[in-house]
Each structure stands twice: as C-alpha cells, then as structure tokens.
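Shown here: coords28.tsv, TSV, C-alpha atoms.
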chain	number	residue	atom	x	y	z
A	1	MET	CA	-102.51	64.91	21.41
A	2	LEU	CA	-106.30	65.23	21.53
A	3	ASN	CA	-106.92	61.50	21.86
A	4	GLY	CA	-108.79	60.69	25.04
A	5	LYS	CA	-109.22	64.37	25.93
A	6	ALA	CA	-112.38	66.35	26.70
A	7	ILE	CA	-112.51	69.50	24.57
A	8	LEU	CA	-115.02	72.36	24.80
A	9	ILE	CA	-115.59	74.99	22.10
A	10	THR	CA	-117.41	78.18	23.04
A	11	GLY	CA	-119.43	79.50	20.12
A	12	GLY	CA	-119.08	75.98	18.80
A	13	THR	CA	-121.92	76.15	16.25
A	14	GLY	CA	-120.21	78.90	14.24
A	15	SER	CA	-118.16	78.39	11.09
A	16	PHE	CA	-114.94	77.83	13.03
A	17	GLY	CA	-116.60	75.49	15.53
A	18	ASN	CA	-118.11	73.32	12.81
A	19	HIS	CA	-114.82	73.02	10.95
A	20	PHE	CA	-112.84	72.42	14.15
A	21	VAL	CA	-115.16	69.58	15.16
A	22	ASP	CA	-114.97	68.00	11.69
A	23	TYR	CA	-111.16	68.22	11.72
A	24	VAL	CA	-110.81	66.74	15.21
A	25	LEU	CA	-113.22	63.87	14.48
A	26	ALA	CA	-111.29	63.09	11.28
A	27	HIS	CA	-107.81	63.11	12.87
A	28	TYR	CA	-108.24	62.24	16.57
A	29	ARG	CA	-110.31	60.18	18.96
A	30	PRO	CA	-111.30	62.57	21.76
A	31	LYS	CA	-113.15	61.46	24.87
A	32	LYS	CA	-115.71	64.26	24.47
A	33	LEU	CA	-116.28	67.22	22.16
A	34	ILE	CA	-118.51	69.73	23.91
A	35	ILE	CA	-120.35	72.43	21.97
A	36	TYR	CA	-121.13	75.44	24.15
A	37	SER	CA	-123.37	78.00	22.47
A	38	ARG	CA	-126.66	79.81	22.90
A	39	ASP	CA	-128.46	78.96	19.64
A	40	GLU	CA	-130.56	75.83	20.14
A	41	PHE	CA	-131.50	75.54	16.47
A	42	LYS	CA	-127.86	75.59	15.34
A	43	GLN	CA	-127.11	72.92	17.92
A	44	PHE	CA	-130.05	70.86	16.64
A	45	THR	CA	-128.75	71.19	13.07
A	46	MET	CA	-125.21	70.30	14.11
A	47	ARG	CA	-126.35	67.30	16.12
A	48	ASN	CA	-128.32	65.93	13.17
A	49	ARG	CA	-125.31	66.38	10.91
A	50	LEU	CA	-123.01	64.57	13.34
A	51	MET	CA	-125.45	61.92	14.53
A	52	LYS	CA	-122.96	59.07	14.00
A	53	HIS	CA	-120.62	60.70	16.54
A	54	ASP	CA	-123.25	61.00	19.26
A	55	GLU	CA	-121.18	58.97	21.72
A	56	ILE	CA	-118.50	61.71	21.62
A	57	MET	CA	-120.50	64.89	21.02
A	58	ARG	CA	-122.11	66.89	23.83
A	59	TYR	CA	-124.26	70.01	23.43
A	60	PHE	CA	-124.55	72.66	26.16
A	61	ILE	CA	-126.91	75.61	25.77
A	62	GLY	CA	-125.13	78.50	27.45
A	63	ASP	CA	-123.76	82.01	27.10
A	64	VAL	CA	-120.20	83.06	27.92
A	65	ARG	CA	-121.76	85.90	29.90
A	66	ASP	CA	-122.99	83.26	32.39
A	67	GLY	CA	-120.04	82.37	34.62
A	68	ALA	CA	-121.89	79.74	36.66
A	69	ARG	CA	-123.02	77.89	33.54
A	70	LEU	CA	-119.46	77.95	32.18
A	71	ARG	CA	-118.12	76.43	35.39
A	72	ARG	CA	-120.62	73.61	35.11
A	73	ALA	CA	-119.79	73.03	31.45
A	74	LEU	CA	-116.01	73.03	32.04
A	75	ASP	CA	-116.10	70.42	34.79
A	76	GLY	CA	-113.77	67.62	33.66
A	77	VAL	CA	-112.65	69.45	30.50
A	78	ASP	CA	-108.98	69.29	29.42
A	79	TYR	CA	-108.88	71.84	26.58
A	80	VAL	CA	-110.98	74.92	25.78
A	81	VAL	CA	-111.15	76.76	22.46
A	82	HIS	CA	-112.80	80.14	22.96
A	83	ALA	CA	-114.46	81.14	19.69
A	84	ALA	CA	-117.59	82.88	21.01
A	85	ALA	CA	-117.74	86.61	20.27
A	86	MET	CA	-119.77	89.42	18.82
A	87	LYS	CA	-117.90	89.88	15.54
A	88	GLN	CA	-119.93	92.17	13.28
A	89	VAL	CA	-118.37	95.64	13.37
A	90	PRO	CA	-121.63	97.63	12.82
A	91	ALA	CA	-123.49	95.56	15.44
A	92	CYS	CA	-120.76	96.22	18.00
A	93	GLU	CA	-120.74	99.95	17.20
A	94	TYR	CA	-124.52	100.21	17.65
A	95	ASN	CA	-124.67	97.90	20.70
A	96	PRO	CA	-121.44	98.69	22.58
A	97	ASN	CA	-122.68	97.44	25.97
A	98	GLU	CA	-123.58	94.07	24.49
A	99	ALA	CA	-120.20	93.77	22.76
A	100	ILE	CA	-118.44	94.50	26.05
A	101	LYS	CA	-120.55	91.92	27.91
A	102	THR	CA	-119.78	89.18	25.40
A	103	ASN	CA	-116.23	89.95	24.28
A	104	ILE	CA	-114.74	91.26	27.54
A	105	HIS	CA	-116.90	89.98	30.40
A	106	GLY	CA	-117.29	86.69	28.53
A	107	ALA	CA	-113.51	86.37	28.26
A	108	MET	CA	-113.17	86.97	32.00
A	109	ASN	CA	-115.77	84.30	32.69
A	110	VAL	CA	-113.95	81.76	30.50
A	111	ILE	CA	-110.68	82.51	32.30
A	112	GLU	CA	-112.15	82.23	35.78
A	113	ALA	CA	-114.11	79.08	34.98
A	114	ALA	CA	-111.01	77.45	33.44
A	115	LEU	CA	-108.92	78.27	36.51
A	116	ASP	CA	-111.63	77.10	38.91
A	117	THR	CA	-112.12	73.75	37.14
A	118	GLY	CA	-108.46	72.95	36.38
A	119	VAL	CA	-108.60	73.11	32.57
A	120	LYS	CA	-105.13	72.41	31.14
A	121	ARG	CA	-105.09	74.56	27.98
A	122	VAL	CA	-107.20	77.48	26.74
A	123	VAL	CA	-106.78	78.94	23.25
A	124	ALA	CA	-108.72	82.13	22.48
A	125	LEU	CA	-109.39	83.24	18.92
A	126	SER	CA	-108.36	86.80	18.16
A	127	THR	CA	-108.51	89.01	15.08
A	128	ASP	CA	-106.39	91.46	13.12
A	129	LYS	CA	-108.88	94.11	14.26
A	130	ALA	CA	-107.45	93.82	17.80
A	131	VAL	CA	-104.16	95.25	16.46
A	132	ASN	CA	-104.20	99.07	16.72
A	133	PRO	CA	-108.03	98.95	16.85
A	134	VAL	CA	-110.12	101.58	15.09
A	135	ASN	CA	-113.55	100.16	16.01
A	136	LEU	CA	-115.26	98.84	19.13
A	137	TYR	CA	-115.04	95.22	18.03
A	138	GLY	CA	-111.26	95.53	17.74
A	139	GLY	CA	-111.10	97.37	21.06
A	140	THR	CA	-113.00	94.66	22.91
A	141	LYS	CA	-110.86	91.92	21.34
A	142	LEU	CA	-107.68	93.79	22.32
A	143	VAL	CA	-108.87	93.81	25.93
A	144	SER	CA	-109.80	90.13	25.62
A	145	ASP	CA	-106.30	89.29	24.32
A	146	LYS	CA	-104.70	91.17	27.22
A	147	LEU	CA	-106.90	89.30	29.70
A	148	PHE	CA	-105.94	85.89	28.32
A	149	VAL	CA	-102.21	86.70	28.38
A	150	ALA	CA	-102.38	88.07	31.92
A	151	ALA	CA	-104.40	85.06	33.10
A	152	ASN	CA	-101.24	82.94	33.02
A	153	ALA	CA	-100.02	84.79	36.12
A	154	TYR	CA	-102.97	83.43	38.09
A	155	SER	CA	-102.77	79.72	37.28
A	156	GLY	CA	-100.29	78.98	40.06
A	157	LEU	CA	-99.75	75.24	40.49
A	158	LYS	CA	-102.80	74.32	38.42
A	159	ASP	CA	-100.85	74.25	35.13
A	160	THR	CA	-103.63	76.05	33.27
A	161	ARG	CA	-102.12	77.77	30.24
A	162	PHE	CA	-103.75	80.46	28.15
A	163	SER	CA	-102.70	81.45	24.61
A	164	ILE	CA	-104.10	83.27	21.58
A	165	VAL	CA	-104.46	82.54	17.87
A	166	ARG	CA	-104.85	85.61	15.65
A	167	TYR	CA	-106.05	85.77	12.06
A	168	GLY	CA	-108.25	87.94	9.84
A	169	ASN	CA	-111.41	87.26	7.90
A	170	VAL	CA	-111.61	83.66	6.74
A	171	ALA	CA	-112.09	83.23	2.98
A	172	GLY	CA	-115.81	82.85	2.29
A	173	SER	CA	-116.95	83.74	5.81
A	174	ARG	CA	-120.29	85.42	6.36
A	175	GLY	CA	-120.18	89.17	5.77
A	176	SER	CA	-116.81	89.05	3.97
A	177	VAL	CA	-116.06	90.40	0.51
A	178	ILE	CA	-116.05	87.08	-1.41
A	179	PRO	CA	-119.73	86.16	-0.89
A	180	PHE	CA	-120.66	89.84	-1.33
A	181	PHE	CA	-119.00	90.01	-4.76
A	182	GLN	CA	-120.41	86.61	-5.76
A	183	GLU	CA	-123.95	87.66	-4.86
A	184	LEU	CA	-123.61	90.78	-7.02
A	185	VAL	CA	-122.33	88.74	-9.97
A	186	GLU	CA	-125.14	86.21	-9.60
A	187	ALA	CA	-127.61	89.11	-9.66
A	188	GLY	CA	-126.22	90.19	-13.03
A	189	GLU	CA	-124.06	93.11	-11.92
A	190	THR	CA	-121.01	93.92	-14.05
A	191	GLU	CA	-119.66	96.71	-11.84
A	192	LEU	CA	-118.17	95.78	-8.46
A	193	PRO	CA	-117.82	98.32	-5.62
A	194	ILE	CA	-114.25	98.71	-4.32
A	195	THR	CA	-113.74	100.51	-1.02
A	196	ASP	CA	-110.23	101.59	-2.04
A	197	PHE	CA	-108.11	100.56	-5.03
A	198	GLU	CA	-105.07	100.14	-2.74
A	199	MET	CA	-106.82	97.89	-0.20
A	200	THR	CA	-105.24	94.52	0.63
A	201	ARG	CA	-106.22	91.55	2.78
A	202	PHE	CA	-104.69	88.30	4.02
A	203	TRP	CA	-106.01	84.97	2.71
A	204	ILE	CA	-106.58	82.22	5.26
A	205	SER	CA	-108.76	79.13	5.07
A	206	LEU	CA	-110.72	77.64	7.95
A	207	GLU	CA	-108.49	74.57	7.89
A	208	GLN	CA	-105.38	76.72	8.37
A	209	GLY	CA	-107.09	78.43	11.32
A	210	VAL	CA	-107.97	75.09	12.90
A	211	GLU	CA	-104.45	73.70	12.40
A	212	LEU	CA	-102.95	76.77	14.09
A	213	VAL	CA	-105.28	76.35	17.08
A	214	ILE	CA	-104.20	72.72	17.46
A	215	LYS	CA	-100.54	73.80	17.25
A	216	ALA	CA	-101.20	76.35	20.00
A	217	LEU	CA	-102.83	73.67	22.18
A	218	ALA	CA	-99.77	71.45	21.69
A	219	GLU	CA	-96.94	73.98	22.00
A	220	SER	CA	-98.14	76.80	24.23
A	221	LYS	CA	-96.28	77.44	27.47
A	222	GLY	CA	-98.70	80.27	28.27
A	223	GLY	CA	-99.17	83.82	26.98
A	224	GLU	CA	-98.14	83.39	23.33
A	225	THR	CA	-99.98	84.81	20.32
A	226	PHE	CA	-99.79	82.46	17.31
A	227	ILE	CA	-100.14	84.02	13.84
A	228	ALA	CA	-100.20	82.06	10.57
A	229	LYS	CA	-97.86	82.97	7.69
A	230	ILE	CA	-100.32	83.45	4.85
A	231	PRO	CA	-100.41	85.25	1.48
A	232	SER	CA	-101.94	88.64	0.74
A	233	PHE	CA	-104.12	89.75	-2.15
A	234	LYS	CA	-105.37	93.00	-3.60
A	235	ILE	CA	-109.12	93.60	-3.49
A	236	THR	CA	-108.97	94.71	-7.13
A	237	ASP	CA	-107.35	91.37	-8.08
A	238	LEU	CA	-110.08	89.50	-6.21
A	239	ALA	CA	-112.72	91.39	-8.22
A	240	LYS	CA	-110.95	90.41	-11.47
A	241	ALA	CA	-110.74	86.78	-10.32
A	242	ILE	CA	-114.49	86.65	-9.64
A	243	LEU	CA	-115.56	88.61	-12.73
A	244	PRO	CA	-112.71	89.06	-15.26
A	245	ASP	CA	-114.41	91.75	-17.36
A	246	CYS	CA	-115.87	93.74	-14.49
A	247	THR	CA	-115.68	97.47	-14.07
A	248	MET	CA	-114.86	98.84	-10.63
A	249	LYS	CA	-116.26	101.76	-8.72
A	250	LYS	CA	-114.47	103.28	-5.72
A	251	VAL	CA	-116.96	103.72	-2.88
A	252	GLY	CA	-114.66	104.69	-0.01
A	253	ILE	CA	-113.55	102.93	3.17
A	254	ARG	CA	-116.36	102.22	5.59
A	255	GLU	CA	-116.36	103.43	9.19
A	256	GLY	CA	-114.05	101.27	11.31
A	257	GLU	CA	-112.38	99.67	8.27
A	258	LYS	CA	-108.63	99.61	7.58
A	259	LEU	CA	-106.76	99.86	4.29
A	260	HIS	CA	-104.52	96.90	5.21
A	261	GLU	CA	-104.75	94.12	7.78
A	262	VAL	CA	-101.98	94.17	10.40
A	263	MET	CA	-101.22	91.06	12.46
A	264	ILE	CA	-97.95	92.10	14.13
A	265	THR	CA	-97.00	95.68	14.97
A	266	LYS	CA	-93.51	97.17	14.90
A	267	GLU	CA	-93.71	97.42	18.68
A	268	ASP	CA	-94.39	93.68	18.95
A	269	SER	CA	-91.34	92.90	16.79
A	270	LEU	CA	-89.21	93.01	19.95
A	271	TYR	CA	-90.94	89.86	21.20
A	272	THR	CA	-91.73	88.06	17.92
A	273	TYR	CA	-90.14	84.89	16.51
A	274	GLU	CA	-90.60	83.56	13.01
A	275	TYR	CA	-91.12	79.84	12.36
A	276	GLU	CA	-91.56	77.91	9.12
A	277	LYS	CA	-95.33	78.38	8.87
A	278	HIS	CA	-96.19	80.87	11.60
A	279	PHE	CA	-95.06	83.62	13.94
A	280	ILE	CA	-95.27	83.70	17.72
A	281	VAL	CA	-95.48	86.94	19.69
A	282	TYR	CA	-94.26	86.12	23.18
A	283	PRO	CA	-95.57	87.97	26.23
A	284	HIS	CA	-93.65	90.91	27.64
A	285	MET	CA	-94.42	90.10	31.26
A	286	SER	CA	-92.33	89.68	34.41
A	287	TRP	CA	-93.34	86.01	34.76
A	288	TRP	CA	-92.18	85.09	31.24
A	289	VAL	CA	-88.68	83.59	30.81
A	290	ASN	CA	-86.77	83.12	27.55
A	291	THR	CA	-86.37	79.41	28.16
A	292	GLN	CA	-90.05	79.08	27.25
A	293	VAL	CA	-89.43	80.10	23.62
A	294	VAL	CA	-90.41	77.25	21.28
A	295	PRO	CA	-87.25	75.88	19.57
A	296	GLY	CA	-86.78	76.34	15.82
A	297	GLY	CA	-87.70	80.02	15.58
A	298	LYS	CA	-85.71	83.09	14.60
A	299	LYS	CA	-86.23	86.48	16.17
A	300	VAL	CA	-87.58	88.98	13.64
A	301	ALA	CA	-85.77	92.23	12.91
A	302	HIS	CA	-86.49	95.22	15.09
A	303	GLY	CA	-89.24	97.27	13.44
A	304	PHE	CA	-90.69	94.31	11.56
A	305	GLU	CA	-94.41	94.62	10.82
A	306	TYR	CA	-96.63	91.85	9.48
A	307	SER	CA	-99.12	93.65	7.26
A	308	SER	CA	-101.15	92.53	4.27
A	309	GLY	CA	-99.84	95.60	2.44
A	310	THR	CA	-96.12	94.78	2.86
A	311	ASN	CA	-96.29	90.98	2.92
A	312	SER	CA	-93.69	88.95	0.99
A	313	GLN	CA	-96.30	86.45	-0.28
A	314	TRP	CA	-98.94	87.54	-2.82
A	315	LEU	CA	-101.71	85.78	-4.71
A	316	SER	CA	-102.08	86.56	-8.41
A	317	VAL	CA	-105.46	86.85	-10.16
A	318	GLU	CA	-105.02	83.31	-11.51
A	319	GLU	CA	-104.11	81.93	-8.07
A	320	LEU	CA	-107.10	83.66	-6.54
A	321	ARG	CA	-109.39	82.20	-9.21
A	322	GLU	CA	-108.05	78.71	-8.45
A	323	ARG	CA	-108.55	79.13	-4.70
A	324	LEU	CA	-112.07	80.46	-5.19
A	325	ARG	CA	-113.05	77.13	-6.74
A	326	ASN	CA	-112.44	75.48	-3.37
A	327	VAL	CA	-114.04	78.14	-1.17
A	328	SER	CA	-117.23	77.11	0.60
A	329	LEU	CA	-119.40	79.88	2.04
A	330	HIS	CA	-119.92	79.63	5.80

Please express what this file holds, its structure, as structure tokens.
Amino acid sequence: MLNGKAILITGGTGSFGNHFVDYVLAHYRPKKLIIYSRDEFKQFTMRNRLMKHDEIMRYFIGDVRDGARLRRALDGVDYVVHAAAMKQVPACEYNPNEAIKTNIHGAMNVIEAALDTGVKRVVALSTDKAVNPVNLYGGTKLVSDKLFVAANAYSGLKDTRFSIVRYGNVAGSRGSVIPFFQELVEAGETELPITDFEMTRFWISLEQGVELVIKALAESKGGETFIAKIPSFKITDLAKAILPDCTMKKVGIREGEKLHEVMITKEDSLYTYEYEKHFIVYPHMSWWVNTQVVPGGKKVAHGFEYSSGTNSQWLSVEELRERLRNVSLH
C-alpha cells in the first residue's frame, strides 16, 4: 500500500516517528519519507542513522504552527501521519497558550494544508487523555480529534480522508512509569512509589501503534477512530515484575492523572464496532453513512466501555517480566 507513495510524518524525529520510519523501510518501498520537525539536531542524528536510505528520506525543518511551511512540505505528498504535539502534562498545564498553539492550531494547519495540497490520507495520533479529559493536554487533544473528524466534511471532491488512531503511553516511552521505576532500582532503591494501589494501565508497544496507523491509512473512509485491543496491567504488578522483593509506598495520584485509562466511553459505544485486533469508533455526523463501516466487525453492546480497569485481557507479573526484557527506552 505504501509502495511508491510519498509519506510525511509531523514530529517525525520522536519515538513514534523513528519506529514508523524503520517499519516502513523494512516492509515497503515508498517514493519518499519526509520528516517534518523543528529539532535540527534530532534530524541530524536521524539522518546519520539512516544514511543508507538517503535516496528516500527527506528532512524538513518546520513547526506545525507554521501553515505556510506545512503547505510547502505537503506538496506532492500522498499520506500524512500527524504525530507532532506537546505531550507532557505538567508542561501543558504551565504553558497553556503554547499547548493550544501546537495541539489545536497545529492540527488546524495540518488539516488546511492537506486539503489545499490534495493529500489522500491523514492519520492523527490521539491519546487516552483525550477521553473525558481532566488536564489541558487531554483537552487540547480532544479538540484536535474533533477537528480531524469534522475535516472530512470539507474535502469535497478531493478525496482527502482524515482519521484518528488512539492509544495510551507506549511501554518504555520517555516520562512513563517503566523507565522511572528502572532508574530507581538502578540507583539502589528498594521501595517504589505507587500513586494508587488500584491504578491500572494499558500495555502497547511502538510496533503495535505503527501497525494500527498503517491499518488506518489502508482502511479509513474518513472520520474513524482506531483503537488497538491490548492487555491491561496493575501498577503494583509492574513494580513486582521490575523488583520482585520491593516494598511499595502510596504517594497519591498526581494532578491531571487518572486511576484507569479509558479508550472508549459508554457514550461512544453507540457508534463502536469490535474487530479481531482493534475497535473502530465511527463518526456520529450527518455526512457519515453506514455503508462505510469496515466489514468483519461486530457492534459492541450499548454501555460498553473500554477501560484498563475493566479490560478482559490482563498481564500477570511473569508476563510483565517477560515483556520488560524486550522493552527499549525511547
């Protein structure tokens, strides 16, 4: 599907962008892979790492806040993966105007540039924090999601389709609990801080996130939210997997943090279909027709909620320990 296509990734030097590029280069032969980001040193590092693919790779310095630069970068592009965002909850809380400029205005710029240049498919990365948001980061991503869904009403005859892929913290990602616990253990700590003994999270790898994005590029008719079916784990079990004999101290939930991750709300159950490895929440919009539902799915029960706290799949301490062996920090 991606063979011979020009693909641009906003925020392409991040952990997702790096893994997406590696996956695409390993499985496809694209015409161009364009990295659009604002950090010149990360681009320099990435270019050195991928030197043998120089005939395919392109590197654009640019910010999603800059609509004119986006239009230039998207000229001739077939597919866009929008991964650029301000993601750190405390940074967004302290710098709300900057979060709005990047996460909301940036989303609008991507949409307008894609429509103006005739891009065929746009997939925007979302987060569990956009579901019933309790912090500014989640609030801005909720608005971003709404913008990308609504953008399908403006494509007209251009056949530009916008969809969303939603998942939580990737295992081993910067600022997540796994590297935090591992750093404490390496420093000789035997007591691990637990925000709440009932807290749960979903487990997703970068590769699963990339595969879901590619599925969205292939299957989207416009306006869908794709969500991976993944297992849950208890934070206390993760602590035991990292340090079996540890003691645990409850420190309380931080501002803007949830007890459980929620990917699909009970309200969304009216428009959600379950597939073998994922869910799709279809848009509740006047321009959407049921004939656009991807075959092979089954409508979920009314009132269904996809939460890490009530999930049907769980990782044991032993399974977590096995998965941790294959986690690379990014």

Who sits within 10 Å of Glu224 of chain A, all atoms listed in the file, same chain under 4 positions skipped, as a list in words: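 In the requested form, the answer reads Val123, Phe148, Val149, Arg161, Phe162, Ser163, Ile164, Val165, Ala216, Glu219, Ser220, Tyr271, Thr272, Phe279, Ile280, Val281, Tyr282, Pro283, His284, Gln292 and Val293 of chain A.
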
Around the point (-115.4, 84.6, 28.4) in the file's coordinates, collect all residues with an atom within 12 Å, using only C-alpha atoms, and return them as number ranges by chain. A: 9-11, 36-37, 62-71, 80-86, 99-114, 122-125, 140-141, 143-145, 147-148, 151

What is the distance, in Å and to one decimal place, between atom CA of Thr247 of chain A and atom CA of Glu186 of chain A?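 Atom CA of Glu186 of chain A lies 15.4 Å from atom CA of Thr247 of chain A.
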
Give as a list in words every residue, naming chains and numbers as the document does, that has an atom within 12 Å of (-115.5, 69.8, 10.4), counting all atoms listed in the file.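 Every polymer residue passing the test: Gly12, Thr13, Gly14, Ser15, Phe16, Gly17, Asn18, His19, Phe20, Val21, Asp22, Tyr23, Val24, Leu25, Ala26, His27, Met46, Arg49, Leu50, Leu206, Glu207, Val210, Glu211 and His330 of chain A.
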
Counting all atoms listed in the file, the residue of A:Val134, A:Leu74, A:Leu217, A:Leu270 that sits nearest Leu2 of chain A: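 Using all atoms listed in the file, the shortest distance to Leu2 of chain A belongs to A:Leu217.
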
Met248 of chain A environment, 9 Å, all atoms listed in the file, sequence neighbours closer than 2 positions dropped, as a PyMOL selection string: chain A and resi 190-194+197+236+239+246+250

Save the residues we just selected, C-alpha atoms, as a compact mmCIF listing (two decimals), in the coordinates of the input?
# COMPACT_ATOMS: atom_id res chain seq x y z
CA THR A 190 -121.01 93.92 -14.05
CA GLU A 191 -119.66 96.71 -11.84
CA LEU A 192 -118.17 95.78 -8.46
CA PRO A 193 -117.82 98.32 -5.62
CA ILE A 194 -114.25 98.71 -4.32
CA PHE A 197 -108.11 100.56 -5.03
CA THR A 236 -108.97 94.71 -7.13
CA ALA A 239 -112.72 91.39 -8.22
CA CYS A 246 -115.87 93.74 -14.49
CA LYS A 250 -114.47 103.28 -5.72

Show which residues sit within 7 Å of Met199 of chain A, as a list in words. Count all atoms listed in the file, and ignore same-chain residues fewer than 5 positions away.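 Counting all atoms listed in the file, the residues come to Lys234, Ile235, Leu259 and His260 of chain A.
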
So that I can check the surroundings of Pro30 of chain A, please list as number ranges by chain every protein, DNA and RNA residue that reaches within 10 Å of it, counting all atoms listed in the file and ignoring chain neighbours fewer than 4 positions away. A: 1-7, 24-25, 56-57

Can you tell me how far atom CA of Leu157 of chain A sits from atom CA of Gly223 of chain A, in Å to one decimal?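 Between atom CA of Leu157 of chain A and atom CA of Gly223 of chain A the gap works out to 16.0 Å.
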
Counting all atoms listed in the file, which residue out of A:Phe44, A:His53, A:Val294, A:Thr160 sits closest to Asp78 of chain A?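 Of all the options, A:Thr160 lies closest to Asp78 of chain A.
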
Can you pull out the residues contacting Thr195 of chain A? Cut-off 7 Å, using only C-alpha atoms, and skip same-chain residues under 6 positions away; I want them as a VMD selection string. chain A and resid 250 to 253

So, counting all atoms listed in the file, which residue among A:Glu93, A:Glu55, A:Asp159, A:Glu189 is closest to Glu255 of chain A?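 The answer is A:Glu93, which sits nearest to Glu255 of chain A.
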
For Leu238 of chain A, the nearest of the candidates A:Ala150, A:Ile178, A:Ala171, A:Ile264, counting all atoms listed in the file: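 Smallest separation from Leu238 of chain A among the options: A:Ile178.
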
Reconstructed N, CA and C atoms for segment 162-187 of chain A, given as a CSV table (one decimal), keeping the file's coordinate frame:
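Output file rebuild_26.csv follows:
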chain,number,residue,atom,x,y,z
A,162,PHE,N,-102.9,79.7,29.0
A,162,PHE,CA,-103.8,80.5,28.2
A,162,PHE,C,-102.9,81.0,27.0
A,163,SER,N,-103.4,80.9,25.8
A,163,SER,CA,-102.7,81.4,24.6
A,163,SER,C,-103.7,82.0,23.6
A,164,ILE,N,-103.2,82.6,22.6
A,164,ILE,CA,-104.1,83.3,21.6
A,164,ILE,C,-103.7,82.9,20.2
A,165,VAL,N,-104.7,82.7,19.3
A,165,VAL,CA,-104.5,82.5,17.9
A,165,VAL,C,-105.1,83.7,17.2
A,166,ARG,N,-104.3,84.4,16.3
A,166,ARG,CA,-104.8,85.6,15.6
A,166,ARG,C,-104.9,85.4,14.1
A,167,TYR,N,-106.0,85.7,13.5
A,167,TYR,CA,-106.0,85.8,12.1
A,167,TYR,C,-107.2,86.7,11.6
A,168,GLY,N,-107.2,87.0,10.4
A,168,GLY,CA,-108.2,87.9,9.8
A,168,GLY,C,-109.5,87.2,9.4
A,169,ASN,N,-110.2,87.9,8.4
A,169,ASN,CA,-111.4,87.3,7.9
A,169,ASN,C,-111.1,86.0,7.1
A,170,VAL,N,-111.8,84.9,7.4
A,170,VAL,CA,-111.6,83.7,6.7
A,170,VAL,C,-112.3,83.8,5.4
A,171,ALA,N,-111.6,83.2,4.3
A,171,ALA,CA,-112.1,83.2,3.0
A,171,ALA,C,-113.5,82.6,2.9
A,172,GLY,N,-114.5,83.4,2.4
A,172,GLY,CA,-115.8,82.8,2.3
A,172,GLY,C,-116.7,83.0,3.5
A,173,SER,N,-116.2,83.6,4.6
A,173,SER,CA,-117.0,83.7,5.8
A,173,SER,C,-118.1,84.7,5.6
A,174,ARG,N,-119.1,84.6,6.5
A,174,ARG,CA,-120.3,85.4,6.4
A,174,ARG,C,-119.9,86.9,6.5
A,175,GLY,N,-120.4,87.7,5.7
A,175,GLY,CA,-120.2,89.2,5.8
A,175,GLY,C,-118.9,89.6,5.1
A,176,SER,N,-118.1,88.7,4.6
A,176,SER,CA,-116.8,89.0,4.0
A,176,SER,C,-117.0,89.4,2.5
A,177,VAL,N,-115.9,89.8,1.9
A,177,VAL,CA,-116.1,90.4,0.5
A,177,VAL,C,-116.3,89.3,-0.6
A,178,ILE,N,-115.9,88.1,-0.4
A,178,ILE,CA,-116.0,87.1,-1.4
A,178,ILE,C,-117.5,86.8,-1.6
A,179,PRO,N,-118.3,86.4,-0.6
A,179,PRO,CA,-119.7,86.2,-0.9
A,179,PRO,C,-120.5,87.4,-1.4
A,180,PHE,N,-120.0,88.6,-0.9
A,180,PHE,CA,-120.7,89.8,-1.3
A,180,PHE,C,-120.5,90.0,-2.8
A,181,PHE,N,-119.2,89.9,-3.3
A,181,PHE,CA,-119.0,90.0,-4.8
A,181,PHE,C,-119.8,88.9,-5.5
A,182,GLN,N,-119.7,87.7,-5.1
A,182,GLN,CA,-120.4,86.6,-5.8
A,182,GLN,C,-121.9,86.8,-5.9
A,183,GLU,N,-122.5,87.4,-4.8
A,183,GLU,CA,-124.0,87.7,-4.9
A,183,GLU,C,-124.3,88.7,-5.9
A,184,LEU,N,-123.4,89.7,-6.0
A,184,LEU,CA,-123.6,90.8,-7.0
A,184,LEU,C,-123.5,90.2,-8.4
A,185,VAL,N,-122.5,89.3,-8.6
A,185,VAL,CA,-122.3,88.7,-10.0
A,185,VAL,C,-123.5,87.9,-10.3
A,186,GLU,N,-124.0,87.1,-9.4
A,186,GLU,CA,-125.1,86.2,-9.6
A,186,GLU,C,-126.4,87.0,-9.9
A,187,ALA,N,-126.5,88.2,-9.4
A,187,ALA,CA,-127.6,89.1,-9.7
A,187,ALA,C,-127.5,89.8,-11.0
